[in-house]
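Pasting my_file26.json here (JSON, C-alpha atoms):
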[["chain", "number", "residue", "atom", "x", "y", "z"],
["A", 1, "MET", "CA", 0.00, 0.00, 0.00],
["A", 2, "ASP", "CA", 1.23, 3.48, -0.80],
["A", 3, "ASN", "CA", 2.87, 5.24, 2.17],
["A", 4, "SER", "CA", 0.81, 8.38, 1.58],
["A", 5, "ILE", "CA", -2.42, 6.41, 1.82],
["A", 6, "CYS", "CA", -1.26, 4.75, 5.03],
["A", 7, "GLN", "CA", -0.36, 8.12, 6.51],
["A", 8, "ALA", "CA", -3.82, 9.47, 5.65],
["A", 9, "TYR", "CA", -5.49, 6.56, 7.42],
["A", 10, "GLU", "CA", -3.26, 7.01, 10.46],
["A", 11, "ASP", "CA", -4.12, 10.73, 10.62],
["A", 12, "LYS", "CA", -7.82, 9.94, 10.38],
["A", 13, "ILE", "CA", -7.57, 7.33, 13.13],
["A", 14, "GLN", "CA", -5.69, 9.77, 15.39],
["A", 15, "SER", "CA", -8.32, 12.47, 14.77],
["A", 16, "LEU", "CA", -11.11, 10.06, 15.66],
["A", 17, "GLU", "CA", -9.29, 8.98, 18.83],
["A", 18, "GLU", "CA", -8.93, 12.62, 19.94],
["A", 19, "GLU", "CA", -12.60, 13.30, 19.23],
["A", 20, "ILE", "CA", -13.61, 10.20, 21.21],
["A", 21, "LYS", "CA", -11.42, 11.38, 24.10],
["A", 22, "LEU", "CA", -13.03, 14.84, 24.11],
["A", 23, "LEU", "CA", -16.54, 13.38, 24.01],
["A", 24, "THR", "CA", -15.67, 11.01, 26.85],
["A", 25, "GLU", "CA", -14.38, 13.89, 29.00],
["A", 26, "LYS", "CA", -17.48, 15.96, 28.24],
["A", 27, "TYR", "CA", -19.72, 13.03, 29.15],
["A", 28, "GLU", "CA", -17.89, 12.55, 32.46],
["A", 29, "ASP", "CA", -18.21, 16.29, 33.24],
["A", 30, "ASN", "CA", -21.94, 16.19, 32.55],
["A", 31, "GLN", "CA", -22.32, 13.13, 34.73],
["A", 32, "GLN", "CA", -20.48, 14.91, 37.54],
["A", 33, "GLU", "CA", -22.63, 18.05, 37.21],
["A", 34, "SER", "CA", -25.82, 16.01, 37.27],
["A", 35, "THR", "CA", -24.95, 14.67, 40.71],
["A", 36, "PHE", "CA", -25.53, 18.16, 42.13],
["A", 37, "PHE", "CA", -29.27, 17.85, 41.36],
["A", 38, "SER", "CA", -31.70, 15.39, 42.85],
["A", 39, "ASP", "CA", -33.85, 13.08, 40.76],
["A", 40, "GLU", "CA", -36.85, 15.21, 41.73],
["A", 41, "GLU", "CA", -35.19, 18.42, 40.50],
["A", 42, "ILE", "CA", -34.20, 16.79, 37.22],
["A", 43, "LEU", "CA", -37.78, 15.53, 36.76],
["A", 44, "MET", "CA", -39.20, 19.01, 37.48],
["A", 45, "SER", "CA", -36.83, 20.59, 34.97],
["A", 46, "LYS", "CA", -37.82, 18.01, 32.38],
["A", 47, "LYS", "CA", -41.53, 18.66, 32.93],
["A", 48, "SER", "CA", -40.96, 22.43, 32.83],
["A", 49, "PHE", "CA", -39.16, 22.10, 29.52],
["A", 50, "GLN", "CA", -41.94, 19.92, 28.14],
["A", 51, "ARG", "CA", -44.60, 22.47, 29.17],
["A", 52, "GLU", "CA", -42.63, 25.33, 27.64],
["A", 53, "PHE", "CA", -42.13, 23.38, 24.43],
["A", 54, "TRP", "CA", -45.85, 22.53, 24.30],
["A", 55, "ARG", "CA", -46.83, 26.18, 24.77],
["A", 56, "GLU", "CA", -44.49, 27.25, 22.01],
["A", 57, "SER", "CA", -45.76, 24.54, 19.68],
["A", 58, "GLN", "CA", -49.36, 25.46, 20.48],
["A", 59, "GLY", "CA", -48.72, 29.20, 20.12],
["A", 60, "CYS", "CA", -49.09, 31.32, 17.05],
["A", 61, "GLU", "CA", -49.46, 28.96, 14.12],
["A", 62, "SER", "CA", -49.02, 31.59, 11.47],
["A", 63, "LEU", "CA", -47.86, 35.10, 10.75],
["A", 64, "SER", "CA", -51.47, 36.26, 10.51],
["A", 65, "ASP", "CA", -52.10, 35.00, 14.06],
["A", 66, "LEU", "CA", -49.09, 36.96, 15.30],
["A", 67, "LYS", "CA", -50.28, 40.09, 13.56],
["A", 68, "ALA", "CA", -53.79, 39.74, 14.98],
["A", 69, "GLN", "CA", -52.41, 39.24, 18.48],
["A", 70, "LEU", "CA", -50.15, 42.28, 18.16],
["A", 71, "GLU", "CA", -53.03, 44.46, 16.94],
["A", 72, "SER", "CA", -55.17, 43.30, 19.85],
["A", 73, "LEU", "CA", -52.43, 44.19, 22.35],
["A", 74, "GLU", "CA", -51.94, 47.61, 20.74],
["A", 75, "THR", "CA", -55.69, 48.25, 20.97],
["A", 76, "ASP", "CA", -55.74, 47.30, 24.65],
["A", 77, "LEU", "CA", -52.71, 49.50, 25.36],
["A", 78, "SER", "CA", -54.28, 52.46, 23.55],
["A", 79, "PHE", "CA", -57.47, 52.06, 25.58],
["A", 80, "LEU", "CA", -55.57, 51.92, 28.87],
["A", 81, "MET", "CA", -53.56, 55.03, 27.95],
["A", 82, "LYS", "CA", -56.73, 56.97, 27.17],
["A", 83, "PHE", "CA", -58.52, 55.66, 30.24],
["A", 84, "THR", "CA", -55.72, 56.37, 32.74],
["A", 85, "GLY", "CA", -53.86, 59.18, 30.97],
["A", 86, "ILE", "CA", -50.59, 57.32, 31.64],
["A", 87, "GLN", "CA", -48.08, 57.06, 28.81],
["A", 88, "PHE", "CA", -44.65, 55.46, 29.22],
["A", 89, "THR", "CA", -41.86, 57.14, 27.27],
["A", 90, "SER", "CA", -38.84, 55.01, 28.23],
["A", 91, "HIS", "CA", -37.98, 51.82, 30.09],
["A", 92, "SER", "CA", -34.76, 49.96, 30.76],
["A", 93, "LYS", "CA", -33.88, 46.97, 32.91],
["A", 94, "LYS", "CA", -30.67, 45.33, 34.05],
["A", 95, "THR", "CA", -30.25, 41.91, 35.64],
["A", 96, "VAL", "CA", -28.31, 42.34, 38.88],
["A", 97, "GLU", "CA", -28.50, 38.78, 40.17],
["A", 98, "LYS", "CA", -29.84, 35.49, 38.83],
["A", 99, "THR", "CA", -29.81, 32.02, 40.36],
["A", 100, "ARG", "CA", -32.00, 28.95, 40.05],
["A", 101, "ASN", "CA", -34.67, 30.25, 42.48],
["A", 102, "ARG", "CA", -33.96, 33.97, 42.66],
["A", 103, "ALA", "CA", -33.63, 36.87, 40.23],
["A", 104, "VAL", "CA", -33.06, 40.58, 40.85],
["A", 105, "GLN", "CA", -33.61, 43.17, 38.12],
["A", 106, "LYS", "CA", -33.13, 46.93, 38.26],
["A", 107, "HIS", "CA", -35.73, 48.93, 36.34],
["A", 108, "ARG", "CA", -35.88, 52.55, 35.20],
["A", 109, "LEU", "CA", -39.22, 53.86, 33.97],
["A", 110, "SER", "CA", -40.26, 57.31, 32.72],
["A", 111, "GLY", "CA", -43.52, 58.67, 31.40],
["A", 112, "ASN", "CA", -46.31, 61.21, 31.58],
["A", 113, "CYS", "CA", -49.77, 61.26, 33.06],
["A", 114, "HIS", "CA", -51.68, 64.10, 31.36],
["A", 115, "SER", "CA", -49.46, 67.14, 32.04],
["A", 116, "LEU", "CA", -47.41, 65.55, 34.85],
["A", 117, "SER", "CA", -44.13, 63.75, 34.20],
["A", 118, "PHE", "CA", -42.66, 61.05, 36.42],
["A", 119, "HIS", "CA", -39.52, 58.90, 36.70],
["A", 120, "LEU", "CA", -39.21, 55.67, 38.68],
["A", 121, "GLU", "CA", -36.26, 53.51, 39.67],
["A", 122, "PHE", "CA", -36.72, 50.25, 41.55],
["A", 123, "GLN", "CA", -35.47, 46.70, 41.99],
["A", 124, "LEU", "CA", -37.70, 43.73, 41.28],
["A", 125, "LEU", "CA", -36.96, 40.65, 43.37],
["A", 126, "GLU", "CA", -38.46, 37.44, 41.98],
["A", 127, "MET", "CA", -38.33, 34.26, 44.07],
["A", 128, "GLN", "CA", -39.57, 30.87, 42.92],
["A", 129, "ASN", "CA", -40.36, 27.76, 44.93],
["A", 130, "LYS", "CA", -42.11, 24.50, 44.12],
["A", 131, "GLU", "CA", -45.58, 26.01, 44.44],
["A", 132, "ASN", "CA", -45.50, 29.57, 43.12],
["A", 133, "VAL", "CA", -43.54, 32.68, 42.24],
["A", 134, "SER", "CA", -43.41, 35.79, 44.46],
["A", 135, "VAL", "CA", -42.38, 39.26, 43.31],
["A", 136, "VAL", "CA", -41.28, 42.07, 45.64],
["A", 137, "VAL", "CA", -40.48, 45.72, 44.81],
["A", 138, "ASN", "CA", -37.42, 47.12, 46.61],
["A", 139, "ASP", "CA", -35.44, 50.39, 46.63],
["A", 140, "LEU", "CA", -38.26, 52.35, 44.98],
["A", 141, "SER", "CA", -37.38, 55.95, 44.07],
["A", 142, "ILE", "CA", -39.96, 58.31, 42.52],
["A", 143, "THR", "CA", -39.46, 61.75, 40.99],
["A", 144, "MET", "CA", -42.49, 63.85, 40.01],
["A", 145, "GLU", "CA", -42.99, 67.34, 38.65],
["A", 146, "SER", "CA", -45.88, 69.09, 40.36],
["A", 147, "GLY", "CA", -46.87, 72.42, 41.85],
["A", 148, "GLU", "CA", -48.31, 70.89, 45.05],
["A", 149, "GLU", "CA", -44.88, 69.93, 46.34],
["A", 150, "SER", "CA", -45.72, 69.38, 50.03],
["A", 151, "ASP", "CA", -48.67, 67.06, 49.43],
["A", 152, "VAL", "CA", -47.00, 65.18, 46.61],
["A", 153, "SER", "CA", -43.73, 64.69, 48.50],
["A", 154, "LYS", "CA", -45.56, 63.14, 51.47],
["A", 155, "PHE", "CA", -47.52, 60.85, 49.17],
["A", 156, "VAL", "CA", -44.37, 59.84, 47.26],
["A", 157, "SER", "CA", -42.49, 59.13, 50.51],
["A", 158, "SER", "CA", -45.31, 56.84, 51.66],
["A", 159, "ILE", "CA", -45.34, 54.96, 48.34],
["A", 160, "GLU", "CA", -41.54, 54.59, 48.36],
["A", 161, "GLU", "CA", -41.66, 53.23, 51.91],
["A", 162, "HIS", "CA", -44.23, 50.54, 51.07],
["A", 163, "GLY", "CA", -43.03, 49.85, 47.50],
["A", 164, "ASN", "CA", -46.60, 49.84, 46.20],
["A", 165, "LEU", "CA", -46.41, 50.55, 42.46],
["A", 166, "LEU", "CA", -50.09, 49.75, 41.85],
["A", 167, "ALA", "CA", -51.20, 52.33, 44.42],
["A", 168, "PHE", "CA", -48.85, 54.89, 42.89],
["A", 169, "PHE", "CA", -50.22, 54.59, 39.36],
["A", 170, "ARG", "CA", -53.84, 54.44, 40.54],
["A", 171, "SER", "CA", -53.45, 57.61, 42.65],
["A", 172, "LEU", "CA", -51.31, 59.32, 40.01],
["A", 173, "SER", "CA", -54.08, 58.85, 37.44],
["A", 174, "SER", "CA", -56.69, 60.45, 39.73],
["A", 175, "TYR", "CA", -54.41, 63.31, 40.81],
["A", 176, "ALA", "CA", -53.25, 64.11, 37.27],
["A", 177, "GLU", "CA", -56.83, 63.98, 36.01],
["A", 178, "TRP", "CA", -57.83, 66.70, 38.49],
["A", 179, "CYS", "CA", -54.79, 68.77, 37.46],
["A", 180, "GLU", "CA", -55.82, 68.41, 33.82],
["A", 181, "HIS", "CA", -59.42, 69.34, 34.65],
["A", 182, "ARG", "CA", -58.20, 72.50, 36.42],
["A", 183, "ARG", "CA", -55.97, 73.40, 33.49],
["A", 184, "CYS", "CA", -58.81, 72.97, 30.97],
["A", 185, "THR", "CA", -61.18, 74.99, 33.16],
["A", 186, "PHE", "CA", -58.74, 77.89, 33.45],
["A", 187, "LEU", "CA", -58.11, 77.76, 29.70],
["A", 188, "HIS", "CA", -61.85, 77.82, 28.99],
["A", 189, "PHE", "CA", -62.53, 80.90, 31.11],
["A", 190, "LYS", "CA", -59.43, 82.72, 29.88],
["A", 191, "ALA", "CA", -60.58, 82.20, 26.28],
["A", 192, "LYS", "CA", -64.19, 83.16, 27.06],
["A", 193, "TYR", "CA", -63.46, 86.19, 29.29],
["A", 194, "PRO", "CA", -59.97, 87.41, 28.27],
["A", 195, "ASP", "CA", -60.51, 90.91, 29.71],
["A", 196, "VAL", "CA", -61.57, 89.64, 33.12],
["A", 197, "VAL", "CA", -59.52, 86.48, 33.74],
["A", 198, "THR", "CA", -55.77, 86.65, 34.42],
["A", 199, "LEU", "CA", -53.44, 83.66, 34.89],
["A", 200, "PRO", "CA", -50.34, 84.94, 36.75],
["A", 201, "GLU", "CA", -48.75, 81.46, 36.88],
["A", 202, "GLY", "CA", -50.06, 80.24, 33.54],
["A", 203, "LEU", "CA", -52.37, 77.32, 32.90],
["A", 204, "LEU", "CA", -50.47, 75.07, 35.32],
["A", 205, "GLY", "CA", -50.88, 77.50, 38.22],
["A", 206, "ASP", "CA", -53.32, 76.94, 41.07],
["A", 207, "TYR", "CA", -55.21, 80.26, 41.00],
["A", 208, "ILE", "CA", -56.75, 82.84, 38.69],
["A", 209, "ILE", "CA", -57.45, 86.53, 39.21],
["A", 210, "LEU", "CA", -60.74, 88.15, 38.23],
["A", 211, "ARG", "CA", -60.72, 91.90, 37.77],
["A", 212, "ASN", "CA", -62.75, 94.59, 36.05],
["A", 213, "SER", "CA", -60.69, 97.38, 34.49],
["A", 214, "LYS", "CA", -63.47, 99.84, 35.30],
["A", 215, "HIS", "CA", -63.18, 99.10, 39.03],
["A", 216, "SER", "CA", -59.55, 99.79, 39.84],
["A", 217, "GLY", "CA", -58.13, 97.97, 42.85],
["A", 218, "PHE", "CA", -60.92, 95.40, 43.13],
["A", 219, "GLU", "CA", -59.90, 91.79, 42.50],
["A", 220, "LEU", "CA", -61.13, 88.30, 43.27],
["A", 221, "LEU", "CA", -58.66, 85.41, 43.55],
["A", 222, "VAL", "CA", -60.05, 81.95, 42.90],
["A", 223, "VAL", "CA", -57.63, 79.49, 44.52],
["A", 224, "TRP", "CA", -57.87, 75.87, 43.37],
["A", 225, "LYS", "CA", -55.57, 73.48, 45.23],
["A", 226, "ILE", "CA", -55.50, 69.73, 44.61],
["A", 227, "HIS", "CA", -54.75, 67.82, 47.79],
["A", 228, "ILE", "CA", -53.42, 64.26, 47.82],
["A", 229, "ASP", "CA", -52.94, 62.51, 51.16],
["A", 230, "GLU", "CA", -50.44, 59.80, 52.05],
["A", 231, "GLU", "CA", -52.99, 57.12, 51.16],
["A", 232, "GLY", "CA", -53.35, 58.54, 47.64],
["A", 233, "ARG", "CA", -56.84, 60.03, 48.05],
["A", 234, "THR", "CA", -57.25, 63.15, 45.90],
["A", 235, "THR", "CA", -59.49, 66.09, 46.86],
["A", 236, "PRO", "CA", -60.00, 69.45, 45.07],
["A", 237, "LEU", "CA", -59.93, 72.42, 47.47],
["A", 238, "LEU", "CA", -61.30, 75.75, 46.23],
["A", 239, "ASP", "CA", -61.59, 79.08, 48.01],
["A", 240, "LEU", "CA", -62.10, 82.75, 47.23],
["A", 241, "LEU", "CA", -59.89, 85.62, 48.36],
["A", 242, "THR", "CA", -60.87, 89.26, 47.91],
["A", 243, "LYS", "CA", -58.73, 92.31, 47.27],
["A", 244, "VAL", "CA", -60.51, 95.65, 47.61],
["A", 245, "PRO", "CA", -59.38, 99.29, 48.01],
["A", 246, "GLU", "CA", -58.97, 100.55, 51.58],
["A", 247, "GLN", "CA", -61.84, 103.03, 51.29],
["A", 248, "VAL", "CA", -64.17, 100.21, 50.32],
["A", 249, "LEU", "CA", -63.09, 98.18, 53.35],
["A", 250, "GLU", "CA", -64.17, 101.06, 55.58],
["A", 251, "TRP", "CA", -67.73, 100.65, 54.30],
["A", 252, "LYS", "CA", -67.86, 97.10, 55.74],
["A", 253, "ASN", "CA", -69.99, 95.92, 52.86],
["A", 254, "PRO", "CA", -71.63, 92.56, 53.83],
["A", 255, "ALA", "CA", -71.56, 91.39, 50.21],
["A", 256, "ILE", "CA", -67.76, 91.65, 50.12],
["A", 257, "GLU", "CA", -67.26, 90.21, 53.61],
["A", 258, "ASN", "CA", -69.48, 87.22, 52.85],
["A", 259, "ALA", "CA", -68.12, 86.61, 49.34],
["A", 260, "PRO", "CA", -65.86, 83.64, 50.31],
["A", 261, "ALA", "CA", -68.69, 81.91, 52.18],
["A", 262, "GLY", "CA", -71.06, 82.58, 49.29],
["A", 263, "PHE", "CA", -68.58, 81.11, 46.83],
["A", 264, "ARG", "CA", -68.26, 77.92, 48.89],
["A", 265, "SER", "CA", -72.05, 77.62, 48.94],
["A", 266, "MET", "CA", -72.19, 78.00, 45.15],
["A", 267, "LEU", "CA", -69.60, 75.24, 44.81],
["A", 268, "LEU", "CA", -71.86, 72.87, 46.71],
["A", 269, "LEU", "CA", -74.99, 73.90, 44.80],
["A", 270, "PHE", "CA", -73.76, 74.35, 41.23],
["A", 271, "GLY", "CA", -70.30, 72.78, 40.95],
["A", 272, "ILE", "CA", -66.90, 74.26, 40.15],
["A", 273, "GLU", "CA", -67.43, 75.60, 36.62],
["A", 274, "ALA", "CA", -70.81, 77.21, 37.31],
["A", 275, "ALA", "CA", -69.59, 78.79, 40.56],
["A", 276, "ILE", "CA", -66.57, 80.37, 38.86],
["A", 277, "GLU", "CA", -68.65, 81.60, 35.92],
["A", 278, "ASN", "CA", -71.14, 83.28, 38.28],
["A", 279, "LEU", "CA", -68.23, 85.09, 39.93],
["A", 280, "ILE", "CA", -66.92, 86.24, 36.55],
["A", 281, "LYS", "CA", -70.33, 87.61, 35.60],
["A", 282, "VAL", "CA", -70.52, 89.54, 38.86],
["A", 283, "VAL", "CA", -67.05, 91.02, 38.34],
["A", 284, "SER", "CA", -67.96, 91.94, 34.75],
["A", 285, "LEU", "CA", -70.88, 94.12, 35.86],
["A", 286, "GLU", "CA", -70.30, 97.80, 35.18],
["A", 287, "LYS", "CA", -71.82, 98.89, 38.46]]
When written as structure tokens, how does the structure in this file appear?
Amino acid sequence: MDNSICQAYEDKIQSLEEEIKLLTEKYEDNQQESTFFSDEEILMSKKSFQREFWRESQGCESLSDLKAQLESLETDLSFLMKFTGIQFTSHSKKTVEKTRNRAVQKHRLSGNCHSLSFHLEFQLLEMQNKENVSVVVNDLSITMESGEESDVSKFVSSIEEHGNLLAFFRSLSSYAEWCEHRRCTFLHFKAKYPDVVTLPEGLLGDYIILRNSKHSGFELLVVWKIHIDEEGRTTPLLDLLTKVPEQVLEWKNPAIENAPAGFRSMLLLFGIEAAIENLIKVVSLEK
């Protein structure tokens, strides 16, 4: 037999021997690793894999099914955004720790709720046992932009302490909705009565001034605060302040002295918009 042919066979045999050796070592390593897990754990992993494989095989059979599912999810998301006013603008997550039964992820989430912006940072701890999976929120940090700083800061501190994200978003939606309602109301009256209504702090302020240019020195301040307590309950608080010339104060006019109480009564009887409009009409009178 030709020496070159013999050499080729010898090289092939040597290559096969090396491959067999590597496979044998890998098999022994796998056998050694498997001793770290009990038969029960191996069986659970096998069943988990089978369930996952079954779900994937029973999932979306076609591209049209995927498209229909995506459209349905987009419709649901659009409805929730309109219903709550909450819109997420950015989100990132980073896995900090991951073991067989425990995972820790750090999340950063930003968005808007009507005219209010917010930013959240928190850690999500997920622990799994034989029966179920538990999820805990840790190290929650919330930043919000709002005019009612004292109320909001107390509410945020309470939420951060308890790590209750659901309570935060539920209360945020209610609070921001009242802020948006106030903004729209101020905008409406400014557009309807531009010569009477003044917005010193703009549409996002918490008060408006009503004045008649023909009655110099006489002003009404409609103050509209939005209170949120530590439990997340939101309450609109409105009041009326008067500013009159000193000579008018000397008259001790009952109508002026009782104006704040009368305004609060109108709020109870007619509601916010009607009460403010009645005030504007009174201020607009020439006499």
Distance of atom CA of A:Glu201 from atom CA of A:Ser110, expressed in Å to one decimal place
25.9 Å
Pick from A:Glu177, A:Leu285, A:Leu203, A:Val96 nearest to A:Ile226, counting all atoms listed in the file
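Closest candidate: A:Glu177.
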Is there a way to get, as number ranges by chain, all residues within 12 Å of the point (-44.7, 55.4, 49.2) in file coordinates, counting all atoms listed in the file?
A: 120, 137-143, 152-169, 171-172, 229-232
Excluding A:Arg182 and residues on its chain fewer than 2 positions from it, collect all residues at most 12 Å away from it, counting all atoms listed in the file, and give them as a PyMOL selection string.
chain A and resi 114-115+175-180+184-189+202-208+222-226+236-238+272-273+276
Please return the centre and edge lengths, in Å to one decimal, of a box with edges along x, y and z that contains all listed atoms of stretch 189-203 of chain A, widened by 5 Å on every side, as JSON.
{"center_x": -56.5, "center_y": 84.1, "center_z": 31.6, "size_x": 25.4, "size_y": 23.6, "size_z": 20.6}
With a distance cut-off of 8 Å and all atoms listed in the file, select the neighbouring residues of A:Leu221, excluding the residue or stretch itself and same-chain residues fewer than 6 positions from it, and output the selection as number ranges by chain.
A: 207-210, 240-243
One number please: atom CA of A:Leu268 to atom CA of A:Leu199, in Å, one decimal.
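So the two atoms, atom CA of A:Leu268 and atom CA of A:Leu199, lie 24.4 Å apart.
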May I have the residues at most 12 Å from (-68.9, 82.0, 52.4) in the file's coordinates, counting only C-alpha atoms, as a ChimeraX atom specification?
/A:238-242,254-268
Mind pulling up the distance from atom CA of A:Val136 to atom CA of A:Arg233?
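Separation of atom CA of A:Arg233 and atom CA of A:Val136: 23.9 Å.
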Counting only C-alpha atoms, the residue of A:Thr95, A:Asn129, A:Ser117, A:Ser173 that sits nearest A:Met81
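So, comparing all the options, the nearest one is A:Ser173.
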